[in-house]
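The file input23.pdb contains PDB, C-alpha atoms, pLDDT in the B column:
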```pdb
ATOM      1  CA  MET A  56    -220.129 106.487 102.538  1.00 48.00           C
ATOM      2  CA  THR A  57    -221.385 103.261 104.014  1.00 52.00           C
ATOM      3  CA  ALA A  58    -220.189 101.549 107.191  1.00 53.00           C
ATOM      4  CA  PRO A  59    -218.060  98.428 106.723  1.00 53.00           C
ATOM      5  CA  LEU A  60    -219.935  95.179 106.944  1.00 56.00           C
ATOM      6  CA  THR A  61    -218.907  93.156 109.957  1.00 57.00           C
ATOM      7  CA  PRO A  62    -220.021  89.554 110.460  1.00 56.00           C
ATOM      8  CA  PRO A  63    -222.212  88.906 113.478  1.00 59.00           C
ATOM      9  CA  PRO A  64    -220.530  87.297 116.489  1.00 57.00           C
ATOM     10  CA  PRO A  65    -220.660  83.478 116.484  1.00 56.00           C
ATOM     11  CA  PRO A  66    -223.365  82.022 118.724  1.00 54.00           C
ATOM     12  CA  HIS A  67    -221.046  80.653 121.431  1.00 51.00           C
ATOM     13  CA  GLN A  68    -223.770  79.898 123.904  1.00 49.00           C
ATOM     14  CA  GLU A  69    -226.063  77.841 121.734  1.00 49.00           C
ATOM     15  CA  PRO A  70    -223.592  75.174 120.556  1.00 47.00           C
ATOM     16  CA  SER A  71    -222.160  74.717 124.031  1.00 49.00           C
ATOM     17  CA  ARG A  72    -225.619  74.285 125.452  1.00 51.00           C
ATOM     18  CA  GLU A  73    -226.543  71.826 122.736  1.00 49.00           C
ATOM     19  CA  HIS A  74    -223.284  69.968 123.287  1.00 48.00           C
ATOM     20  CA  GLY A  75    -223.953  69.812 127.004  1.00 49.00           C
ATOM     21  CA  GLU A  76    -227.447  68.478 126.455  1.00 50.00           C
ATOM     22  CA  ALA A  77    -226.141  65.885 124.008  1.00 47.00           C
ATOM     23  CA  SER A  78    -223.458  64.726 126.459  1.00 48.00           C
ATOM     24  CA  GLN A  79    -225.999  64.517 129.256  1.00 49.00           C
ATOM     25  CA  SER A  80    -228.325  62.464 127.068  1.00 47.00           C
ATOM     26  CA  GLN A  81    -225.501  60.141 126.065  1.00 48.00           C
ATOM     27  CA  GLN A  82    -224.057  59.688 129.546  1.00 47.00           C
ATOM     28  CA  PRO A  83    -226.779  57.357 130.875  1.00 46.00           C
ATOM     29  CA  LEU A  84    -226.376  55.217 127.774  1.00 45.00           C
ATOM     30  CA  GLN A  85    -222.660  54.839 128.422  1.00 47.00           C
ATOM     31  CA  GLN A  86    -223.253  53.796 132.031  1.00 52.00           C
ATOM     32  CA  GLN A  87    -225.682  51.002 131.244  1.00 55.00           C
ATOM     33  CA  PRO A  88    -224.249  47.599 132.226  1.00 52.00           C
ATOM     34  CA  SER A  89    -224.058  44.813 129.680  1.00 55.00           C
ATOM     35  CA  LEU A  90    -224.501  41.080 130.304  1.00 52.00           C
ATOM     36  CA  GLN A  91    -221.355  39.237 129.239  1.00 53.00           C
ATOM     37  CA  GLN A  92    -219.910  35.768 129.627  1.00 53.00           C
ATOM     38  CA  ALA A  93    -216.942  35.874 131.957  1.00 51.00           C
ATOM     39  CA  PRO A  94    -213.855  33.657 131.445  1.00 49.00           C
ATOM     40  CA  ASP A  95    -214.855  31.453 134.387  1.00 47.00           C
ATOM     41  CA  GLY A  96    -218.117  30.525 132.630  1.00 48.00           C
ATOM     42  CA  ARG A  97    -220.436  32.589 134.827  1.00 51.00           C
ATOM     43  CA  SER A  98    -222.959  35.066 133.570  1.00 50.00           C
ATOM     44  CA  ARG A  99    -222.058  38.542 134.812  1.00 52.00           C
ATOM     45  CA  GLN A 100    -223.033  42.138 134.273  1.00 53.00           C
ATOM     46  CA  PHE A 101    -220.236  44.537 133.374  1.00 49.00           C
ATOM     47  CA  TRP A 102    -220.052  48.311 133.686  1.00 49.00           C
ATOM     48  CA  PRO A 103    -218.115  50.194 131.015  1.00 53.00           C
ATOM     49  CA  ASP A 104    -214.508  50.933 131.948  1.00 49.00           C
ATOM     50  CA  PRO A 105    -214.462  54.473 133.443  1.00 52.00           C
ATOM     51  CA  SER A 106    -210.933  54.967 132.084  1.00 53.00           C
ATOM     52  CA  GLY A 107    -212.306  54.938 128.544  1.00 51.00           C
ATOM     53  CA  GLY A 108    -210.551  51.758 127.457  1.00 48.00           C
ATOM     54  CA  SER A 109    -212.008  48.673 125.911  1.00 46.00           C
ATOM     55  CA  GLY A 110    -212.259  46.827 129.218  1.00 49.00           C
ATOM     56  CA  PHE A 111    -215.313  46.427 131.382  1.00 46.00           C
ATOM     57  CA  ALA A 112    -215.573  46.529 135.153  1.00 45.00           C
ATOM     58  CA  PRO A 113    -217.697  43.732 136.637  1.00 45.00           C
ATOM     59  CA  ALA A 114    -220.857  44.975 138.321  1.00 44.00           C
ATOM     60  CA  TYR A 115    -221.900  41.806 140.105  1.00 43.00           C
ATOM     61  CA  GLY A 116    -222.040  38.072 139.492  1.00 43.00           C
ATOM     62  CA  GLN A 117    -224.979  35.729 139.284  1.00 46.00           C
ATOM     63  CA  ASP A 118    -223.838  32.472 140.883  1.00 47.00           C
ATOM     64  CA  GLY A 119    -225.836  29.320 141.280  1.00 49.00           C
ATOM     65  CA  PRO A 120    -228.953  28.073 139.573  1.00 55.00           C
ATOM     66  CA  GLY A 121    -231.220  30.959 140.603  1.00 75.00           C
ATOM     67  CA  MET A 122    -233.517  31.741 143.514  1.00 84.00           C
ATOM     68  CA  LYS A 123    -236.462  29.704 142.219  1.00 87.00           C
ATOM     69  CA  THR A 124    -234.322  26.597 141.871  1.00 86.00           C
ATOM     70  CA  GLU A 125    -232.827  27.148 145.317  1.00 87.00           C
ATOM     71  CA  LEU A 126    -236.296  27.426 146.852  1.00 90.00           C
ATOM     72  CA  ARG A 127    -237.419  24.223 145.137  1.00 90.00           C
ATOM     73  CA  GLU A 128    -234.335  22.392 146.374  1.00 89.00           C
ATOM     74  CA  ALA A 129    -234.885  23.765 149.879  1.00 90.00           C
ATOM     75  CA  ALA A 130    -238.493  22.555 149.860  1.00 93.00           C
ATOM     76  CA  VAL A 131    -237.362  19.069 148.819  1.00 93.00           C
ATOM     77  CA  VAL A 132    -234.725  18.994 151.578  1.00 93.00           C
ATOM     78  CA  THR A 133    -237.299  20.077 154.165  1.00 94.00           C
ATOM     79  CA  VAL A 134    -239.742  17.327 153.176  1.00 95.00           C
ATOM     80  CA  VAL A 135    -237.018  14.651 153.088  1.00 95.00           C
ATOM     81  CA  LEU A 136    -235.728  15.576 156.537  1.00 95.00           C
ATOM     82  CA  ALA A 137    -239.232  15.729 157.979  1.00 95.00           C
ATOM     83  CA  LEU A 138    -239.962  12.238 156.656  1.00 95.00           C
ATOM     84  CA  GLY A 139    -236.602  11.117 158.004  1.00 95.00           C
ATOM     85  CA  GLY A 140    -238.129  11.577 161.438  1.00 96.00           C
ATOM     86  CA  VAL A 141    -239.823   8.214 160.898  1.00 96.00           C
ATOM     87  CA  ALA A 142    -236.411   6.523 160.871  1.00 96.00           C
ATOM     88  CA  LEU A 143    -235.345   8.418 163.981  1.00 97.00           C
ATOM     89  CA  GLY A 144    -238.533   7.465 165.795  1.00 96.00           C
ATOM     90  CA  LEU A 145    -238.125   3.783 164.940  1.00 97.00           C
ATOM     91  CA  LEU A 146    -234.488   3.753 166.006  1.00 97.00           C
ATOM     92  CA  TRP A 147    -235.294   5.531 169.252  1.00 96.00           C
ATOM     93  CA  TRP A 148    -238.097   3.102 170.061  1.00 96.00           C
ATOM     94  CA  TRP A 149    -235.829   0.139 169.274  1.00 95.00           C
ATOM     95  CA  LEU A 150    -232.590   1.256 170.981  1.00 95.00           C
ATOM     96  CA  ALA A 151    -233.787   3.277 173.959  1.00 94.00           C
ATOM     97  CA  PRO A 152    -233.474   1.464 177.296  1.00 93.00           C
ATOM     98  CA  SER A 153    -236.651   0.590 179.113  1.00 90.00           C
ATOM     99  CA  VAL A 154    -237.456   2.041 182.506  1.00 89.00           C
ATOM    100  CA  PRO A 155    -238.758  -0.755 184.798  1.00 89.00           C
ATOM    101  CA  LEU A 156    -241.861   0.000 186.872  1.00 89.00           C
ATOM    102  CA  VAL A 157    -243.657  -2.016 189.511  1.00 89.00           C
ATOM    103  CA  GLY A 158    -247.279  -1.801 190.592  1.00 86.00           C
ATOM    104  CA  ASP A 159    -248.507  -2.350 194.133  1.00 84.00           C
ATOM    105  CA  VAL A 160    -251.703  -1.983 196.135  1.00 82.00           C
ATOM    106  CA  VAL A 161    -251.634   0.317 199.131  1.00 83.00           C
ATOM    107  CA  ASP A 162    -254.838   0.917 201.107  1.00 80.00           C
ATOM    108  CA  ASN A 163    -256.897  -0.612 198.307  1.00 79.00           C
ATOM    109  CA  SER A 164    -255.335   1.803 195.787  1.00 82.00           C
ATOM    110  CA  TRP A 165    -252.881   1.032 193.033  1.00 86.00           C
ATOM    111  CA  VAL A 166    -249.546   2.819 193.114  1.00 85.00           C
ATOM    112  CA  VAL A 167    -246.693   2.620 190.658  1.00 85.00           C
ATOM    113  CA  TYR A 168    -243.046   3.254 191.441  1.00 79.00           C
ATOM    114  CA  VAL A 169    -239.702   2.820 189.736  1.00 83.00           C
ATOM    115  CA  LYS A 170    -238.174  -0.547 190.457  1.00 83.00           C
ATOM    116  CA  ASP A 171    -234.587   0.689 190.357  1.00 81.00           C
ATOM    117  CA  SER A 172    -234.621   4.125 191.939  1.00 75.00           C
ATOM    118  CA  GLU A 173    -230.882   4.604 191.332  1.00 75.00           C
ATOM    119  CA  GLY A 174    -230.968   3.469 187.713  1.00 76.00           C
ATOM    120  CA  GLU A 175    -230.065   5.726 184.816  1.00 83.00           C
ATOM    121  CA  GLN A 176    -232.480   4.321 182.276  1.00 87.00           C
ATOM    122  CA  ALA A 177    -234.453   7.555 182.071  1.00 87.00           C
ATOM    123  CA  ILE A 178    -231.279   9.495 181.261  1.00 91.00           C
ATOM    124  CA  GLY A 179    -230.415   6.843 178.696  1.00 93.00           C
ATOM    125  CA  VAL A 180    -233.713   7.420 176.912  1.00 94.00           C
ATOM    126  CA  ASP A 181    -232.906  11.106 176.392  1.00 95.00           C
ATOM    127  CA  GLY A 182    -229.281  10.336 175.546  1.00 95.00           C
ATOM    128  CA  THR A 183    -230.273   7.807 172.894  1.00 96.00           C
ATOM    129  CA  PHE A 184    -232.559  10.298 171.200  1.00 97.00           C
ATOM    130  CA  THR A 185    -229.862  12.998 171.321  1.00 97.00           C
ATOM    131  CA  LEU A 186    -227.130  10.826 169.803  1.00 97.00           C
ATOM    132  CA  LEU A 187    -229.390   9.501 167.055  1.00 97.00           C
ATOM    133  CA  ALA A 188    -230.628  12.984 166.212  1.00 97.00           C
ATOM    134  CA  PHE A 189    -227.087  14.334 165.958  1.00 97.00           C
ATOM    135  CA  ALA A 190    -226.031  11.431 163.729  1.00 97.00           C
ATOM    136  CA  LEU A 191    -228.976  12.002 161.385  1.00 96.00           C
ATOM    137  CA  GLY A 192    -228.220  15.724 161.384  1.00 96.00           C
ATOM    138  CA  ALA A 193    -224.659  15.034 160.266  1.00 96.00           C
ATOM    139  CA  LEU A 194    -225.860  12.678 157.527  1.00 96.00           C
ATOM    140  CA  SER A 195    -228.442  15.165 156.283  1.00 95.00           C
ATOM    141  CA  ALA A 196    -225.828  17.939 156.185  1.00 94.00           C
ATOM    142  CA  LEU A 197    -223.449  15.711 154.222  1.00 94.00           C
ATOM    143  CA  GLY A 198    -226.169  14.784 151.740  1.00 92.00           C
ATOM    144  CA  ALA A 199    -227.232  18.400 151.284  1.00 91.00           C
ATOM    145  CA  PHE A 200    -223.613  19.450 150.748  1.00 91.00           C
ATOM    146  CA  LEU A 201    -223.023  16.779 148.114  1.00 90.00           C
ATOM    147  CA  VAL A 202    -226.179  17.797 146.250  1.00 85.00           C
ATOM    148  CA  ARG A 203    -225.496  21.538 146.409  1.00 81.00           C
ATOM    149  CA  ARG A 204    -221.973  22.538 147.355  1.00 80.00           C
ATOM    150  CA  ARG A 205    -222.560  26.288 147.178  1.00 76.00           C
ATOM    151  CA  GLY A 206    -225.037  26.214 150.057  1.00 75.00           C
ATOM    152  CA  GLY A 207    -227.190  29.306 150.360  1.00 84.00           C
ATOM    153  CA  VAL A 208    -229.706  30.756 152.773  1.00 90.00           C
ATOM    154  CA  PRO A 209    -232.655  28.603 151.541  1.00 91.00           C
ATOM    155  CA  LEU A 210    -230.652  25.412 152.083  1.00 91.00           C
ATOM    156  CA  VAL A 211    -229.615  26.448 155.591  1.00 93.00           C
ATOM    157  CA  ALA A 212    -233.230  27.275 156.446  1.00 94.00           C
ATOM    158  CA  ALA A 213    -234.312  23.905 155.046  1.00 94.00           C
ATOM    159  CA  LEU A 214    -231.826  22.060 157.257  1.00 95.00           C
ATOM    160  CA  THR A 215    -233.075  23.949 160.301  1.00 95.00           C
ATOM    161  CA  VAL A 216    -236.809  23.563 159.687  1.00 96.00           C
ATOM    162  CA  GLY A 217    -236.575  20.015 158.329  1.00 96.00           C
ATOM    163  CA  GLY A 218    -234.497  18.838 161.273  1.00 96.00           C
ATOM    164  CA  LEU A 219    -236.946  20.315 163.759  1.00 97.00           C
ATOM    165  CA  LEU A 220    -239.961  18.778 162.015  1.00 97.00           C
ATOM    166  CA  GLY A 221    -238.214  15.409 161.817  1.00 97.00           C
ATOM    167  CA  SER A 222    -237.370  15.492 165.524  1.00 97.00           C
ATOM    168  CA  VAL A 223    -240.947  16.288 166.516  1.00 97.00           C
ATOM    169  CA  LEU A 224    -242.270  13.506 164.302  1.00 97.00           C
ATOM    170  CA  ALA A 225    -239.728  11.043 165.743  1.00 97.00           C
ATOM    171  CA  TRP A 226    -240.663  11.995 169.302  1.00 97.00           C
ATOM    172  CA  ARG A 227    -244.380  11.519 168.776  1.00 96.00           C
ATOM    173  CA  LEU A 228    -243.864   8.285 166.808  1.00 97.00           C
ATOM    174  CA  GLY A 229    -241.638   6.777 169.491  1.00 95.00           C
ATOM    175  CA  VAL A 230    -244.138   7.630 172.205  1.00 95.00           C
ATOM    176  CA  TRP A 231    -246.940   6.099 170.140  1.00 95.00           C
ATOM    177  CA  LEU A 232    -245.007   2.891 169.459  1.00 94.00           C
ATOM    178  CA  GLY A 233    -243.770   2.532 173.026  1.00 92.00           C
ATOM    179  CA  PRO A 234    -245.576   1.068 176.026  1.00 90.00           C
ATOM    180  CA  ALA A 235    -249.024   2.285 176.995  1.00 85.00           C
ATOM    181  CA  GLN A 236    -249.304   5.765 178.415  1.00 87.00           C
ATOM    182  CA  ASP A 237    -251.844   4.769 181.077  1.00 85.00           C
ATOM    183  CA  VAL A 238    -249.439   3.518 183.731  1.00 82.00           C
ATOM    184  CA  LEU A 239    -252.079   2.504 186.296  1.00 83.00           C
ATOM    185  CA  ALA A 240    -254.029   0.460 183.763  1.00 86.00           C
ATOM    186  CA  HIS A 241    -250.811  -1.206 182.648  1.00 80.00           C
ATOM    187  CA  ALA A 242    -249.915  -2.041 186.248  1.00 82.00           C
ATOM    188  CA  LYS A 243    -253.334  -3.615 186.840  1.00 82.00           C
ATOM    189  CA  ASP A 244    -253.020  -5.694 183.691  1.00 83.00           C
ATOM    190  CA  ALA A 245    -249.524  -6.849 184.670  1.00 81.00           C
ATOM    191  CA  GLY A 246    -250.482  -7.628 188.248  1.00 83.00           C
ATOM    192  CA  LYS A 247    -249.192  -6.745 191.694  1.00 83.00           C
ATOM    193  CA  GLY A 248    -245.396  -6.821 191.988  1.00 80.00           C
ATOM    194  CA  VAL A 249    -244.879  -7.575 188.277  1.00 85.00           C
ATOM    195  CA  THR A 250    -242.276  -5.475 186.468  1.00 85.00           C
ATOM    196  CA  PHE A 251    -243.337  -3.677 183.298  1.00 84.00           C
ATOM    197  CA  SER A 252    -241.824  -0.982 181.112  1.00 87.00           C
ATOM    198  CA  ALA A 253    -242.598   2.688 181.462  1.00 89.00           C
ATOM    199  CA  PRO A 254    -243.803   4.593 178.395  1.00 91.00           C
ATOM    200  CA  LEU A 255    -241.220   6.351 176.278  1.00 92.00           C
ATOM    201  CA  LYS A 256    -240.767   9.890 177.487  1.00 91.00           C
ATOM    202  CA  LEU A 257    -238.444  12.625 176.305  1.00 94.00           C
ATOM    203  CA  GLY A 258    -237.590  14.497 179.470  1.00 90.00           C
ATOM    204  CA  ALA A 259    -235.173  16.999 177.908  1.00 91.00           C
ATOM    205  CA  LYS A 260    -237.189  18.785 175.249  1.00 93.00           C
ATOM    206  CA  GLY A 261    -234.039  20.575 174.112  1.00 94.00           C
ATOM    207  CA  ALA A 262    -233.078  17.332 172.379  1.00 95.00           C
ATOM    208  CA  LEU A 263    -235.568  18.276 169.659  1.00 96.00           C
ATOM    209  CA  LEU A 264    -233.093  20.922 168.463  1.00 97.00           C
ATOM    210  CA  VAL A 265    -230.101  18.596 168.233  1.00 97.00           C
ATOM    211  CA  TRP A 266    -230.859  17.465 164.677  1.00 97.00           C
ATOM    212  CA  SER A 267    -231.017  21.039 163.366  1.00 97.00           C
ATOM    213  CA  VAL A 268    -227.981  22.233 165.318  1.00 97.00           C
ATOM    214  CA  GLY A 269    -225.910  19.216 164.272  1.00 96.00           C
ATOM    215  CA  ALA A 270    -226.875  19.657 160.623  1.00 96.00           C
ATOM    216  CA  LEU A 271    -225.937  23.349 160.663  1.00 95.00           C
ATOM    217  CA  LEU A 272    -222.578  22.748 162.358  1.00 96.00           C
ATOM    218  CA  VAL A 273    -221.567  19.925 160.040  1.00 95.00           C
ATOM    219  CA  HIS A 274    -222.731  21.802 156.947  1.00 93.00           C
ATOM    220  CA  LEU A 275    -220.811  24.886 158.043  1.00 93.00           C
ATOM    221  CA  GLY A 276    -217.659  22.815 158.517  1.00 92.00           C
ATOM    222  CA  LEU A 277    -218.000  21.095 155.157  1.00 92.00           C
ATOM    223  CA  THR A 278    -218.631  24.377 153.371  1.00 90.00           C
ATOM    224  CA  GLY A 279    -215.666  26.013 155.044  1.00 86.00           C
ATOM    225  CA  LEU A 280    -213.293  23.145 154.251  1.00 88.00           C
ATOM    226  CA  PHE A 281    -214.453  21.843 150.890  1.00 84.00           C
ATOM    227  CA  GLY A 282    -216.823  24.477 149.516  1.00 74.00           C
ATOM    228  CA  PRO A 283    -216.055  26.336 146.259  1.00 73.00           C
ATOM    229  CA  ARG A 284    -214.140  29.586 146.455  1.00 70.00           C
ATOM    230  CA  ASP A 285    -215.140  32.741 144.613  1.00 63.00           C
ATOM    231  CA  PRO A 286    -212.422  34.143 142.330  1.00 63.00           C
ATOM    232  CA  GLU A 287    -210.650  37.209 143.640  1.00 61.00           C
ATOM    233  CA  PRO A 288    -211.396  40.461 141.803  1.00 59.00           C
ATOM    234  CA  VAL A 289    -208.541  41.552 139.536  1.00 54.00           C
ATOM    235  CA  GLY A 290    -209.630  45.073 138.626  1.00 50.00           C
ATOM    236  CA  TYR A 291    -211.114  45.304 135.146  1.00 45.00           C
ATOM    237  CA  GLU A 292    -211.867  42.304 133.000  1.00 50.00           C
ATOM    238  CA  GLN A 293    -211.296  42.608 129.291  1.00 51.00           C
ATOM    239  CA  VAL A 294    -214.273  41.652 127.167  1.00 52.00           C
ATOM    240  CA  PRO A 295    -213.885  41.389 123.401  1.00 56.00           C
ATOM    241  CA  PRO A 296    -215.996  43.909 121.457  1.00 55.00           C
ATOM    242  CA  ALA A 297    -219.232  42.622 119.974  1.00 54.00           C
TER     243      ALA A 297
END
```
Go through the file and emit its structure as structure tokens.
Amino acid sequence: MTAPLTPPPPPHQEPSREHGEASQSQQPLQQQPSLQQAPDGRSRQFWPDPSGGSGFAPAYGQDGPGMKTELREAAVVTVVLALGGVALGLLWWWLAPSVPLVGDVVDNSWVVYVKDSEGEQAIGVDGTFTLLAFALGALSALGAFLVRRRGGVPLVAALTVGGLLGSVLAWRLGVWLGPAQDVLAHAKDAGKGVTFSAPLKLGAKGALLVWSVGALLVHLGLTGLFGPRDPEPVGYEQVPPA
């Protein structure tokens, strides 16, 4: 008499292991983001909806023209502001009040002194530079905002560096265009007791930062008041299937 034939037990372990390996291999593919066109016209990457629906969750947005374009625009802004220092230097040389000096001979030696010791012309020279620099900073911020409303770190850096370079160029240009720096030689040429103008001098070197600070403040205000607003996230965005 022979023993009854019984079927071997089903291989429970092998299929489950193969199924687990297949699910693990497919999981990274399901989590790969896809580049889609959002309803607002921006190019965004979307993660698959974790709930299993047909929607996609936005991963992040790519706003603006791109970093390379922003750097090129920032370089142009920096050069334009630096060259704008020529206008600031000319205006400072033209509008700054002159400080009157007088030469005299004491013990066979030439001495020079301020004609009006209580005058405020020297303060006016620094004040003129400060006001002009702030005005140009506001204009440069307005121009940069009109060209690129979204701002960005490269544009802010360009306003800062360009304003500083323009201020330094304006300072050196105004000094070069102003009266001679050799005060004793100028007094000898003018003669004893003859009034002549002192060379342009920027006493408050902190005025060199006014252009940059003014540009940043005005640009910040314009961006806060009139800059574009990012759309608020609304959970998952539905993207039609390909």
- [ ] Point out the residue among A:Ser267, A:Thr133, A:Thr278, A:Thr183 with the least atom-to-atom distance to Leu255 in chain A, counting only C-alpha atoms.
- [x] A:Thr183
- [ ] Identify all residues satisfying the PyMOL selection byres ((chain A and resi 197) around 12) in the given file; provide them as number ranges by chain.
- [x] A: 190-196, 198-204, 206, 214, 269-278, 281-282
Box along x, y and z, 5 Å on every side, all listed atoms of range 148-157 of chain A inside: centre and edge lengths in Å to one decimal, as AutoDock Vina command-line options.
```
--center_x -238.1 --center_y 0.6 --center_z 179.4 --size_x 21.1 --size_y 15.3 --size_z 30.2
```
Open item on the list: So, with all atoms listed in the file as the atoms that count, which of A:Val268, A:Val141, A:Leu210, A:Val154 lies closest to Tyr168 in chain A?
Closed with: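 When distances to Tyr168 in chain A are compared using all atoms listed in the file, the smallest one comes from A:Val154.
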- [ ] Would you work out the distance separating CA of Asp159 in chain A from CA of Lys243 in chain A, expressed in Å to one decimal?
- [x]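 These two atoms are separated by 8.8 Å.
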TODO: Find the residues near Leu257 in chain A: any atom within 10 Å, counting all atoms listed in the file, skip ones fewer than 5 places away on the same chain, and give them as a ChimeraX atom specification.
DONE: /A:177-178,180-182,184-185,226-227,229-230,262-263
TODO: Go ahead and compute the interatomic distance for CA of Glu175 in chain A and CA of Lys247 in chain A, in Å to one decimal.
DONE: 23.8 Å
Task: For CA of Val265 in chain A and CA of Trp149 in chain A, the interatomic separation in Å (one decimal) - done: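 According to the coordinates, CA of Val265 in chain A and CA of Trp149 in chain A are separated by 19.4 Å.
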- [ ] Within 7 Å of (-239.7, 6.1, 166.7) (coordinates as in the file), grab all the protein and nucleic acid residues, counting all atoms listed in the file, and write them out as a list in words.
- [x]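 Counting all atoms listed in the file, I find these residues within 7 Å of (-239.7, 6.1, 166.7): Val141, Ala142, Leu143, Gly144, Leu145, Leu146, Trp147, Trp148, Ala225, Trp226, Leu228, Gly229 and Leu232 of chain A.
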